[in-house]
2 protein chains.
Amino acid sequence: QGTRDHPPAQTALRDRLLSAVVSCFKRHGAAAIDTPVLELRETLMGKYGEDTKLIYELQDQGGELLALRYDLTVPFARYLAMNKVTNMKRYHVAKVYRRDNPATTRGRYREFYQCDFDIAGQFDPMIPDAECLKIVHEILSNLQLGDFIIKVNDRRILNGVFAVCGVPESKFIPACSTVDKLDKVPWEEVRSEMVGEKGLSPEAADRIGEYVQLHGGLDLIERLLQDPKLSQNKLAKEGLGDMKLLFEYLTLFGITGKISFDLSLARGLDYYTGVIFEAVLLHQENEHVEEPVSVGSVAGGGRYDGLVGMFDPKGRKVPCVGVSIGIERIFSILEQRLQASGEKLRTTETQVLVATPQKHLLPARLKLISQLWDAGIKAEMLYKKDPKLLKQLQYCEVTGIPLAAIVGEQELADGVVKLRDVATREEVSM
Amino acid sequence: QGTRDHPPAQTALRDRLLSAVVSCFKRHGAAAIDTPVLELRETLMGKYGEDTKLIYELQDQGGELLALRYDLTVPFARYLAMNKVTNMKRYHVAKVYRRDNPATTRGRYREFYQCDFDIAGQFDPMIPDAECLKIVHEILSNLQLGDFIIKVNDRRILNGVFAVCGVPESKFIPACSTVDKLDKVPWEEVRSEMVGEKGLSPEAADRIGEYVQLHGGLDLIERLLQDPKLSQNKLAKEGLGDMKLLFEYLTLFGITGKISFDLSLARGLDYYTGVIFEAVLLHQENEHVEEPVSVGSVAGGGRYDGLVGMFDPKGRKVPCVGVSIGIERIFSILEQRLQASGEKLRTTETQVLVATPQKHLLPARLKLISQLWDAGIKAEMLYKKDPKLLKQLQYCEVTGIPLAAIVGEQELADGVVKLRDVATREEVSM
């Protein structure tokens with residue numbers, strides 16, 4: 001349940017998508033690492049908040065207690081701590097596992113690919129953070145997914161908001177996860193969850209509401225930096241100062257047009273400590289697709305400066321910031337678009353079919369195809385002793401093989417091969 | 001235990017190796033599929049003989065009972081049956097899981113990559129089988145792993161041998177797994193296991209011994225086809241006839257020099273029904289490596305005509321033959337060879353570092369690098385506001401970046417960029 005087989009056409013499309021993402025990661029100088037699908041259970045515990053219950057655990061068959069990784073971020077942090085790496089720019093494309101309620105039409109599965117890019121190390125503020133946003137911008141632009149916006153916020157600003165609104169620190173995390181729902185439900189509902197379920201005072205909730213419904217750009221940052229209450233809060237001030245710096249860098253990158261400083265963005269995971277961001281596709285009329293897939297967030301990430309320290313025996317911290325591309329959702333869109341366009345993706349790369357027009361010529365085919373393979377040419381033949389020429393040419397048409405290398409009795413006698421362009425039926429002897 | 005992280009240098013080497021294997025699979029016209037790491041437990045049961053105990057099972061957390069795949073062959077057969085595919089040439093490169101005793105120095109892990117190529121469908125005999133052997137030959141030759149031999153046998157011949165030697169059919173499988181040890185221990189030990197543990201009569205064991213110690217080529221096939229006892233056995237005769245045909249095809253491919261018809265080859269898995277084969281590297285002096293890794297089998301496979309039918313509700317069979325490349329063992333050899341050669345593999349593909357020689361030029365660097373990324377150029381910069389030029393050039397040397405694009409006050413004033421060849425220190429303004 002919630003997993004799927006990928007037949008060749010899907011795999012070909014997915015490979016194309018993954019290679020576009022990976023080539024962006026490589027363009028930014030990232031190295032690849034690989035970690036096991038299996039992690040110690042204790043490594044994953046206490047990292048995912050309420051979602052810890054969604055972790056797949058392996059049966060105790062003797063030996064270590066294991067689980068399937070839930071994301072690629074926690075394994076990366078464990079890798080850095082275990083190997084005492086304090087400085088690394090890496091990407092990782094691999095499957096992760098979540099015992100979630102699958103919603104397969106919206107690209108939500110229990111086994112799915114993640115494409116992560118992370119920068120670990122102590123650097124000058126906001127330079128790596130800005131690069132992560134640039135990467136999201138490049139990938140979404142290059143894939144031509146339509147209009148999008150990247151929401152940006154900072155956990156320090158959110159916590160500052162909660163503090164100045166009179167929320168006790170013990171309720172920051174529950175308040176945070178309630179705020180995060182603002183992209184799906186109206187403020188009134190969020191407010192009543194805060195007061196009802198999370199036990200905030202109505203006054204605190206109202207004050208929060210004045211902040212978290214704000215979104216804008218540099219102007220909003222400047223305004224909040226002058227805000228009489230918020231500017232007195234150390235965390236919020238730090239966060240707003242860094243946000244301003246981030247916007248300077250994003251202006252130099254020329255991408256602020258797609259960036260929205262949005263105080264309602266909270267993100268669910270416990271481990272974020274600074275900048276957080278999430279890219280969403282904007283709903284639009286699409287002339288090629290009758291029922292557009294509703295996909296929501298297609299990339300997200302943020303800064304997590306405390307996670308590596310949780311795996312280090314001495315608690316040594318390695319600051320990190322990273323982004324994860326929601327490849328499955330993007331895949332759903334591309335797949336639907338491909339179907340609507342009627343374009344057929346080839347699932348093989350075969351350049352030439354080795355064919356014979358008469359019987360008893362299998363040896364000639366085997367000899368020729370062997371020579372082609374040894375010369376690095378992608379070649380196929382039918383696995384029949386005496387296939388009809390028509391069948392062989394039809395196979396080319398169905399699978400998209402552009403050329404047929406035909407060797408018949410005459411060709412054998414003349415020591416030549418007849419090369420046929422399947423589409424135009426043009427033939428040359430060579 | 002038995003798993004490992006791959007740091008960037010290993011990942012780069014493995015990616016190179018995998019892409020060599022995949023490009024051979026593509027050269028032979030295979031399409032890629034992908035299946036989940038998770039399979040239903042019942043799918044995997046009864047397919048691996050004694051090794052079923054090595055399957056990783058997931059904890060029952062409600063819902064289906066799951067396990068991690070043990071190989072890529074059983075999931076492929078399940079895929080064919082579920083999707084009613086009767087004809088397919090596919091490759092699949094992915095991780096599999098075995099709760100085995102790890103022997104990591106010999107490249108034996110609990111999580112490891114398999115690279116499988118399989119041909120499913122009803123075809124004329126031995127044509128797909130011959131192609132599988134050609135593929136093993138191509139891959140091992142192209143990787144320049146040193147001398148190797150591909151042992152070939154047929155389960156029908158082995159079963160015929162057991163029958164004519166007086167082994168009851170119920171003991172064919174235990175006898176088979178005992179014969180399989182002949183590549184590691186002398187015949188005397190194998191014989192005593194047959195008589196002692198497996199309960200064969202000493203006479204039967206001796207008669208088996210006369211057959212299974214034979215190996216050779218076409219001459220041996222011809223001799224056995226004339227063997228007074230074996231030629232009377234229907235299965236053995238079929239197997240020998242096909243083996244003769246296989247050798248004809250392999251002769252046309254020009255690869256019989258590396259092929260040995262070896263009656264001791266049995267292979268452990270239950271599901272083989274016809275041709276089986278295994279490639280081993282021959283021990284050799286290697287001038288570059290002080291302690292050569294002992295690796296044994298580096299590829300194996302065979303024909304399994306009954307497996308797909310086990311997953312079809314109506315038992316419809318789809319004949320299959322395939323090969324699995326033992327990538328981890330090959331990786332161990334290549335890694336050791338690389339270490340011995342002192343060659344350093346680059347882990348990134350960065351073409352140019354964007355650098356500044358004076359302070360307060362971060363905006364210039366951000367602007368330039370953004371232009372380079374947008375132009376598809378692989379570029380990096382240091383994440384510092386004011387790094388020293390020397391530090392920036394040292395970073396190029398350490399990571400192998402060939403070019404530095406330097407923009408200083410003078411260059412800004414002149415509207416140029418200075419491009420520096422890191423190795424030769426040559427500079428041009430552009």
# chains A, B, ... in the order shown; residues from 1 in each chain; ligands from 1

$ interface_residues --of "chain A" --to "chain B" --cutoff "8 Å" --atoms "only C-alpha atoms" --output "ChimeraX atom specification"
/A:1,3-8,11-12,26-36,56-61,64,79,111,123-124,127-128,138,249,252-253,347-350,363,366-367,370,373-374,376-380,383-385

$ calpha_fit_rmsd --fixed "chain A" --moving "chain B"
0.0 Å

$ select_by_dssp --residues "segment 157-281 of chain A" --states "helix (DSSP H, G or I)" --output "PyMOL selection string"
chain A and resi 157-164+169-183+187-196+202-212+218-225+230-232+234-253+256-258

$ residues_around --residues "Gly49 of chain A" --least-positions-apart "6" --cutoff "10 Å" --atoms "only C-alpha atoms" --output "VMD selection string"
chain A and resid 173 177 268 to 271

$ select_by_dssp --residues "segment 180-417 of chain A" --states "strand (DSSP E or B)" --output "number ranges by chain"
A: 215-216, 259-262, 275-281, 297-303, 320-325, 352-355, 379-380, 403-406

$ write_last_selection --atoms "C-alpha atoms" --output "JSON list (two decimals), in the first residue's frame"
[["chain", "number", "residue", "atom", "x", "y", "z"],
["A", 215, "HIS", "CA", 3.79, 38.75, 4.06],
["A", 216, "GLY", "CA", 5.88, 40.93, 1.80],
["A", 259, "ILE", "CA", 10.39, 35.29, -2.93],
["A", 260, "SER", "CA", 7.83, 36.16, -0.28],
["A", 261, "PHE", "CA", 8.75, 36.81, 3.35],
["A", 262, "ASP", "CA", 5.75, 35.09, 4.90],
["A", 275, "VAL", "CA", 15.74, 30.38, 8.03],
["A", 276, "ILE", "CA", 12.97, 28.13, 6.71],
["A", 277, "PHE", "CA", 11.46, 28.11, 3.24],
["A", 278, "GLU", "CA", 8.96, 26.32, 1.05],
["A", 279, "ALA", "CA", 8.20, 26.60, -2.67],
["A", 280, "VAL", "CA", 4.62, 26.30, -3.91],
["A", 281, "LEU", "CA", 3.30, 26.21, -7.44],
["A", 297, "SER", "CA", 4.63, 22.40, -1.83],
["A", 298, "VAL", "CA", 7.29, 21.18, -4.29],
["A", 299, "ALA", "CA", 10.44, 22.07, -2.34],
["A", 300, "GLY", "CA", 11.32, 23.00, 1.19],
["A", 301, "GLY", "CA", 14.12, 23.34, 3.63],
["A", 302, "GLY", "CA", 15.86, 25.47, 6.14],
["A", 303, "ARG", "CA", 18.65, 25.86, 8.62],
["A", 320, "CYS", "CA", 23.75, 23.25, 8.30],
["A", 321, "VAL", "CA", 21.28, 24.56, 5.80],
["A", 322, "GLY", "CA", 19.64, 22.54, 3.08],
["A", 323, "VAL", "CA", 16.84, 22.02, 0.63],
["A", 324, "SER", "CA", 14.79, 19.02, -0.40],
["A", 325, "ILE", "CA", 13.12, 18.89, -3.80],
["A", 352, "VAL", "CA", 19.93, 0.00, -34.76],
["A", 353, "LEU", "CA", 18.07, -3.29, -35.19],
["A", 354, "VAL", "CA", 20.03, -6.05, -36.87],
["A", 355, "ALA", "CA", 17.64, -7.74, -39.28],
["A", 379, "ALA", "CA", 21.89, -2.66, -31.09],
["A", 380, "GLU", "CA", 19.08, -5.18, -30.81],
["A", 403, "LEU", "CA", 17.83, 2.35, -38.15],
["A", 404, "ALA", "CA", 17.78, -1.24, -39.38],
["A", 405, "ALA", "CA", 21.00, -2.97, -40.44],
["A", 406, "ILE", "CA", 19.86, -5.60, -42.92]]

$ closest_residue --among "B:Gly296, B:Arg98, B:Glu197, B:Val212" --to "Ile330 of chain B" --atoms "only C-alpha atoms"
B:Gly296

$ residues_around --residues "Ala94 of chain B" --least-positions-apart "6" --cutoff "7 Å" --atoms "only C-alpha atoms" --output "short mmCIF file (atom, residue, chain, number, x, y, z; two decimals) with N, CA, C and O atoms, in the first residue's frame"
data_model
loop_
_atom_site.label_atom_id
_atom_site.label_comp_id
_atom_site.auth_asym_id
_atom_site.auth_seq_id
_atom_site.Cartn_x
_atom_site.Cartn_y
_atom_site.Cartn_z
N TYR B 113 24.33 -3.12 -3.66
CA TYR B 113 23.74 -2.90 -4.98
C TYR B 113 23.75 -4.16 -5.80
O TYR B 113 24.71 -4.93 -5.77
N GLN B 114 22.66 -4.37 -6.53
CA GLN B 114 22.68 -5.38 -7.59
C GLN B 114 22.39 -4.69 -8.91
O GLN B 114 21.66 -3.69 -8.96
N CYS B 115 22.97 -5.22 -9.96
CA CYS B 115 22.77 -4.70 -11.30
C CYS B 115 22.28 -5.85 -12.15
O CYS B 115 23.06 -6.72 -12.52
#

$ residues_around --residues "Pro228 of chain B" --least-positions-apart "5" --cutoff "12 Å" --atoms "only C-alpha atoms" --output "MDAnalysis selection string"
chainID B and resid 164 223 233 236:237

$ write_last_selection --atoms "C-alpha atoms" --output "PDB file, in the first residue's frame"
ATOM      1  CA  VAL B 164      21.428 -41.676 -13.856  1.00  0.00           C
ATOM      2  CA  ARG B 223      31.275 -36.651 -25.446  1.00  0.00           C
ATOM      3  CA  ASN B 233      18.040 -39.351 -19.803  1.00  0.00           C
ATOM      4  CA  ALA B 236      20.092 -34.345 -19.645  1.00  0.00           C
ATOM      5  CA  LYS B 237      19.746 -34.805 -23.389  1.00  0.00           C
TER       6      LYS B 237
END

$ residues_around --residues "Leu80 of chain B" --least-positions-apart "5" --cutoff "8 Å" --atoms "only C-alpha atoms" --output "mmCIF file with N, CA and C atoms, in the first residue's frame"
data_model
loop_
_atom_site.group_PDB
_atom_site.id
_atom_site.type_symbol
_atom_site.label_atom_id
_atom_site.label_comp_id
_atom_site.auth_asym_id
_atom_site.auth_seq_id
_atom_site.Cartn_x
_atom_site.Cartn_y
_atom_site.Cartn_z
ATOM 1 N N VAL B 85 2.788 -8.763 -18.094
ATOM 2 C CA VAL B 85 3.789 -8.510 -19.138
ATOM 3 C C VAL B 85 4.396 -9.854 -19.531
ATOM 4 N N THR B 86 4.387 -10.169 -20.821
ATOM 5 C CA THR B 86 4.887 -11.474 -21.249
ATOM 6 C C THR B 86 6.163 -11.361 -22.059
ATOM 7 N N VAL B 308 7.787 -16.697 -12.725
ATOM 8 C CA VAL B 308 6.676 -15.769 -12.983
ATOM 9 C C VAL B 308 5.338 -16.467 -12.744
#
